[in-house]
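Asker: My questions all concern the structure below.
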Amino acid sequence: MKPTVEQPPELDPDETLASRQKATTGNAALAFPQGRKGDALIVAVRCQGPGNVKVTVRSVHVSFPLECQTGEVSTTYNQIALKGVEHGGVVSVEASSAVHWSMTIGRGARAEEESPTSTAESL
C-alpha cells in the first residue's frame with residue numbers, strides 16, 4: 001500500500017514516539033518532550049503538492065528542506081544526533097498552503113557511525 005500524506009510516517013519498532021502531526025497545510029510548530037541522554041531525535045516528514053517544506057529544530061539549530069511534488073508523496077527521515085537533542089524542544093515547519101504535509105517525531109538509538117577506512121601504501 002502506497003503511503004499517503006494523511007498518515008504521518010511510521011517509526012521503526014525500536015524507536016519511541018515523541019510527537020505526531022496529521023495532514024496539515026501551511027506553517028506549524030510541534031513540541032516534543034525531553035528524551036533520554038544519548039538518544040537521537042528522529043524527524044520524519046511526508047509531503048505532497050507543488051513546493052517545498054522547510055523543517056527547523058530550533059533547540060539545536062538544525063534545518064532541512066524537503067521538495068514536494070504534485071501527485072507524488074515524498075517522505076524523508078532525519079536522525080539528529082547532536083548534543084542537546086535529549087532536551088525537549090520545538091520542530092517548526094514552513095510550507096505554502098498548496099503543500100500538504102504530516103510529521104512524526106521520535107527518539108531512538110543513534111545510528112552506528114561508519115569507521116573510516118585507511119589504506120596503507122607500501123613505499
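Order determines the names: the first chain of the C-alpha cells is A, the second B, and so forth; residues in each chain are numbered 1 upward, and ligands are numbered 1 upward as they are shown.
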Could you give me the residues within chain A that DSSP places in strand (DSSP E), as a PyMOL selection string?
Answerer: chain A and resi 16-25+28-32+39-48+51-57+62-68+74-80+89-95+100-109
Asker: Would you list the contacts of Ser96 of chain A as a PyMOL selection string, taking every protein, DNA or RNA residue within 9 Å and counting only C-alpha atoms, but skipping same-chain residues closer than 3 positions in sequence?
Answerer: chain A and resi 25-27+50-53+99-100
Asker: Have a look at atom CA of Cys68 of chain A and atom CA of Gly84 of chain A and let me know their distance in Å, one decimal.
Answerer: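 That distance, rounded to one decimal, is 29.4 Å.
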Asker: If we count only C-alpha atoms, what is near His87 of chain A at a cut-off of 9 Å, once residues fewer than 3 positions away on the same chain are taken out, given as a PDB file with C-alpha atoms, in the first residue's frame?
Answerer:
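Result file selection-v1.pdb:
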```
ATOM      1  CA  PHE A  32       8.387  17.334  21.699  1.00  0.00           C
ATOM      2  CA  PRO A  33       9.251  16.237  25.259  1.00  0.00           C
ATOM      3  CA  GLN A  34      12.651  15.554  26.781  1.00  0.00           C
ATOM      4  CA  GLY A  35      14.271  12.233  25.890  1.00  0.00           C
ATOM      5  CA  ARG A  36      16.983  10.019  27.346  1.00  0.00           C
ATOM      6  CA  LYS A  37      20.582  11.157  27.279  1.00  0.00           C
ATOM      7  CA  SER A  59      16.923  23.970  20.035  1.00  0.00           C
ATOM      8  CA  GLY A  84      21.226  18.897  23.268  1.00  0.00           C
TER       9      GLY A  84
END
```
Asker: Got a sec: who's within 10 Å of Phe64 of chain A, counting only C-alpha atoms, leaving out chain neighbours fewer than 5 positions off, as a PyMOL selection string?
Answerer: chain A and resi 53-57+78+93
Asker: Would you kindly return, as a list of chain:residue names, each protein, DNA or RNA residue with an atom no farther than 10 Å from any atom of Ile42 of chain A, considering only C-alpha atoms and excluding same-chain residues fewer than 3 positions away?
Answerer: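 What passes the distance filter is A:Leu11, A:Glu15, A:Thr16, A:Leu17, A:Ala18, A:Asp39, A:Val45, A:Tyr77, A:Asn78, A:Gln79, A:Ile80, A:Ala81, A:Val85, A:Thr104, A:Ile105, A:Gly106, A:Arg107, A:Gly108, A:Ala109, A:Arg110.
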Asker: Please report the interatomic distance between atom CA of Gln21 of chain A and atom CA of Glu86 of chain A in Å with one decimal.
Answerer: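 One can read the atom CA of Gln21 of chain A to atom CA of Glu86 of chain A distance as 20.2 Å.
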Asker: Find the residues around Leu30 of chain A up to 8 Å (only C-alpha atoms counted), leave out those fewer than 2 positions away in its own chain, and share them as a PyMOL selection string.
Answerer: chain A and resi 19-21+28+32+90-92
Asker: Grab the residues selected above and save them as a PDB file, in the first residue's frame with C-alpha atoms.
Answerer:
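Result file follows (again_32.pdb):
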```pdb
ATOM      1  CA  SER A  19       5.000  13.727  18.834  1.00  0.00           C
ATOM      2  CA  ARG A  20       2.903  13.426  15.686  1.00  0.00           C
ATOM      3  CA  GLN A  21       1.097  15.817  13.338  1.00  0.00           C
ATOM      4  CA  ALA A  28       3.046  24.939  12.119  1.00  0.00           C
ATOM      5  CA  PHE A  32       8.387  17.334  21.699  1.00  0.00           C
ATOM      6  CA  VAL A  90      10.015  22.514  19.061  1.00  0.00           C
ATOM      7  CA  VAL A  91      10.140  21.498  15.417  1.00  0.00           C
ATOM      8  CA  SER A  92       8.756  24.205  13.146  1.00  0.00           C
TER       9      SER A  92
END
```
